[in-house]
Every structure is written in C-alpha cells, then in structure tokens.
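Here's the structure, in structure tokens; my notes come after.
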Amino acid sequence: ALTHLIKERIKQTQGIAAVLDTVLEKREADCIGYTQLLLILASSLGLRVIPLEIKDPAPYSLNSLMLHVCCLFALSNGGNVMVDLRNSSFMVSEPFSILEEYRLIDGTNYWVLRNKDNPHRLYLKIRLLDDKGLASMFNTHLGFGIAEEREYLMAKGFYDTAIELDPGNARAYFGRGLIKPYLKDIDIESTISDFSRAIELDPLDEYAWCNRGMIRLIAKQLEGAINDFTEAINLNPDLARAYYARSRVFEELGDLGRAGTDRAKAIEGEMQEKTGFLNILSPYLRQAVEILENLRREGIIYRYYLTGTLARCDFKVPPKDVDFAVSLTTKGYNEWPAYQDNVIKELEDLGIEFMIKFVMSTTEPYGQVYKIGASV
C-alpha cells in the first residue's frame, strides 16, 4: 500500500531528482529520491528499511556506472522484501532470506545471487548502505551526470566527496578513473590506482578490469594490460571490447596470430551485442511507431525516420536516447501546440523515454534538420 501510494503521487523523472524539497515540490523522483521517501515514511510507521546499491549490469550499459538504488524491508520473521519503485522495474519481491539467496563476495561488501534464476525477482548483485552510503551514491550520481556534460573537473569533485563519505563505493572510484584522462594534468598512475581500488572493492566487475587494461595499454604496460583484458573476458566471455583491446596488445607484441583470433571474437561479440540491444529496443520502437503512425493518419506529419546515434547503426543506445525526426505538414505546423500535450501523455503512459524532434523541413535523412518545437 505504501509503495503504491508513493507511485501514485510521485512520478519518475529521467533527470536527477534526489533532493527531497525538489521531489516534493515537483512530485518527481529518481531512484535515490524514491529510496529516501521510503526510508522516511517506512521509519515513521515503525518499519526497518535498508537502502541497497544495485550493481546488476544494465543491458545497454557501456560501463558499470549505471547507478541504481532501491530498498530492503526487514520482516518480523527475519526475512526480507526488496522494493524498487523505478518505472521500468517497479516491483515488490517475494519474501526471502539474504543468507539463503545471496553469498558475500570474499573480501568485499557485495552480495551476489547464488542462483541467477531465483523465483523471488531479486537483483544479481547488491550492497547494503547506511546514510552516508546513500549520500555517497547521490554524489556519484551527480558526478556521472556532470561528466556527461564534459565538466570533468566538477565531476571529480563529486566523486571525491562520494569516496570521502563512503570509501567502499566502487562506482565512485570507477567514475573518477574514467574522467581523469580528460583532466588538464593526466596522471596515469593515479588513474590506474582508481580502477585498482574499484577492482578491490568489486573483483567481479569486468568493466573495471577492462578500463584498467585500457589505461595500462596507453602507458605501454603491456603484460599488465593483457592480464586485465583476460580477467575481463573470464568474467564476461561476450565482452567484445576486451577482445578488441587485447588484440591491440598482441599486435604491439608482434603476436599477429593471437591478435587475429581476438579480433574475430570481438566482431562476433559485437554482433551478439547488437542483436541483444535491438531486442531491448524493439518493443519501444514498435510503440513509438504506433504513435507516429496515428499522427501521420491524422495529417499532422507526413514522414518520420530515425536520426542520431541509432541511425548511425550504433545499437548500444539506451531507449531514452533514441531520436526520431518528424516532418510536419502545414496542418501539423499550425496545429502542433494542440497535439503536443496528448503526444507527451501517450509516451508517458506507455513508459517510452524517447526524444522526438519535430522538424519543419529536411533534406535527406542524414542532412540538415530544422527544429521548430519542444523536445519530448
């Protein structure tokens, strides 16, 4: 009842909305905002709730920075229930025991599922957080968002704060390692140190191994790079970029036979990845096309096509970053304001996170696009 009450009154946002004053004012929350609401409301009802860091590999993630948190409710009989209010995975798990369903990774604070096909709808890898740990996740979240805007020095400040709050936050070390090469004074050893710390905290993170290998490759630490790429491949035999990067090391060492073998595996892995990404995108694409077809039948648009990243055949794009260009008819140009709210509502009701760019004129699909309206 509590989770449904929150979901009815607080909608999910794709932006950062974790500060409670903003959450309550705008009635929008991200996963950290939802978690804080649950902590406060459940505690006021006498329930014990623990925040959780979720470290499942996202299907379209390019690294291990896809941050997510949710809540663990303690039951009176000693069991637990996992609650996640995110739209795409809103769930209340079946009751379970952490000790029965998870095992603690040696030397770390991460718990990993014993059985990936568990019947309780549980996440693969979790870490229990305290208040400082949740605050650290928030700063990591901010660091990731700022880094996407290429404000790397500011992002480093958020990662530094995250690490100070919670020295066990592997994601913060990983994120800081990612942005250090973009800073004015590049410190290779410091970058390697951040990825090494991320690996110490979570040795099952193939992306941390792979990224440390990339830095070692740049530093010409070739044997160390091979070891890192090999470990990443052992953890994820389908990680195409690790094969490709290791092939470059073999080329540097003059071992063209193994370089060729790794390149072949990289190509095969990329094809599997692209197929997987398309399988993820297809239901979103179908729903978006239905909406656009309705607009075309009503004479509001006369054509539409994919643009941006996906149009360039980079299938690793997440659903929220798929772009459509839509050419409006004269009727559509004049009447679009009357349609905008309905289209936005349809997208929200379907849970689609597309950005749709409405354009008045274009040349060819890859030519000039003139944006005339708000983006959805």
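Chain labels A, B, ... are given in the sequence in which chains occur in the structure tokens; within each chain residues are numbered consecutively from 1, and ligands are likewise numbered from 1 in the order shown.
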
Using only C-alpha atoms, which protein or nucleic acid residues come within 9 Å of Cys71 of chain A? Drop anything in the same chain fewer than 6 positions from it, and give the result as a PyMOL selection string. chain A and resi 35+38-39+49-53+81-84

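Between atom CA of Ala42 of chain A and atom CA of Pro119 of chain A lies a distance of 25.6 Å.
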
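Proximity ranking of A:Val289, A:Leu75, A:Leu204, A:Ile199 relative to Asn234 of chain A places A:Leu204 first, based on only C-alpha atoms.
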
Counting only C-alpha atoms, which residues of segment 161-199 of chain A sit at most 12 Å from some atom of segment 98-112 of chain A, and what is each one's closest atom pair with its distance in Å to one decimal, listed by chain and rising residue number, as JSON lines?
```
{"residue": "A:Asp166", "atom": "CA", "partner": "A:Asn109", "partner_atom": "CA", "distance": 11.8}
{"residue": "A:Pro167", "atom": "CA", "partner": "A:Asn109", "partner_atom": "CA", "distance": 11.3}
{"residue": "A:Gly168", "atom": "CA", "partner": "A:Asn109", "partner_atom": "CA", "distance": 7.7}
{"residue": "A:Asn169", "atom": "CA", "partner": "A:Asn109", "partner_atom": "CA", "distance": 9.6}
{"residue": "A:Ala170", "atom": "CA", "partner": "A:Tyr110", "partner_atom": "CA", "distance": 10.0}
{"residue": "A:Arg197", "atom": "CA", "partner": "A:Thr108", "partner_atom": "CA", "distance": 11.4}
{"residue": "A:Ala198", "atom": "CA", "partner": "A:Thr108", "partner_atom": "CA", "distance": 10.7}
{"residue": "A:Ile199", "atom": "CA", "partner": "A:Thr108", "partner_atom": "CA", "distance": 9.9}
```
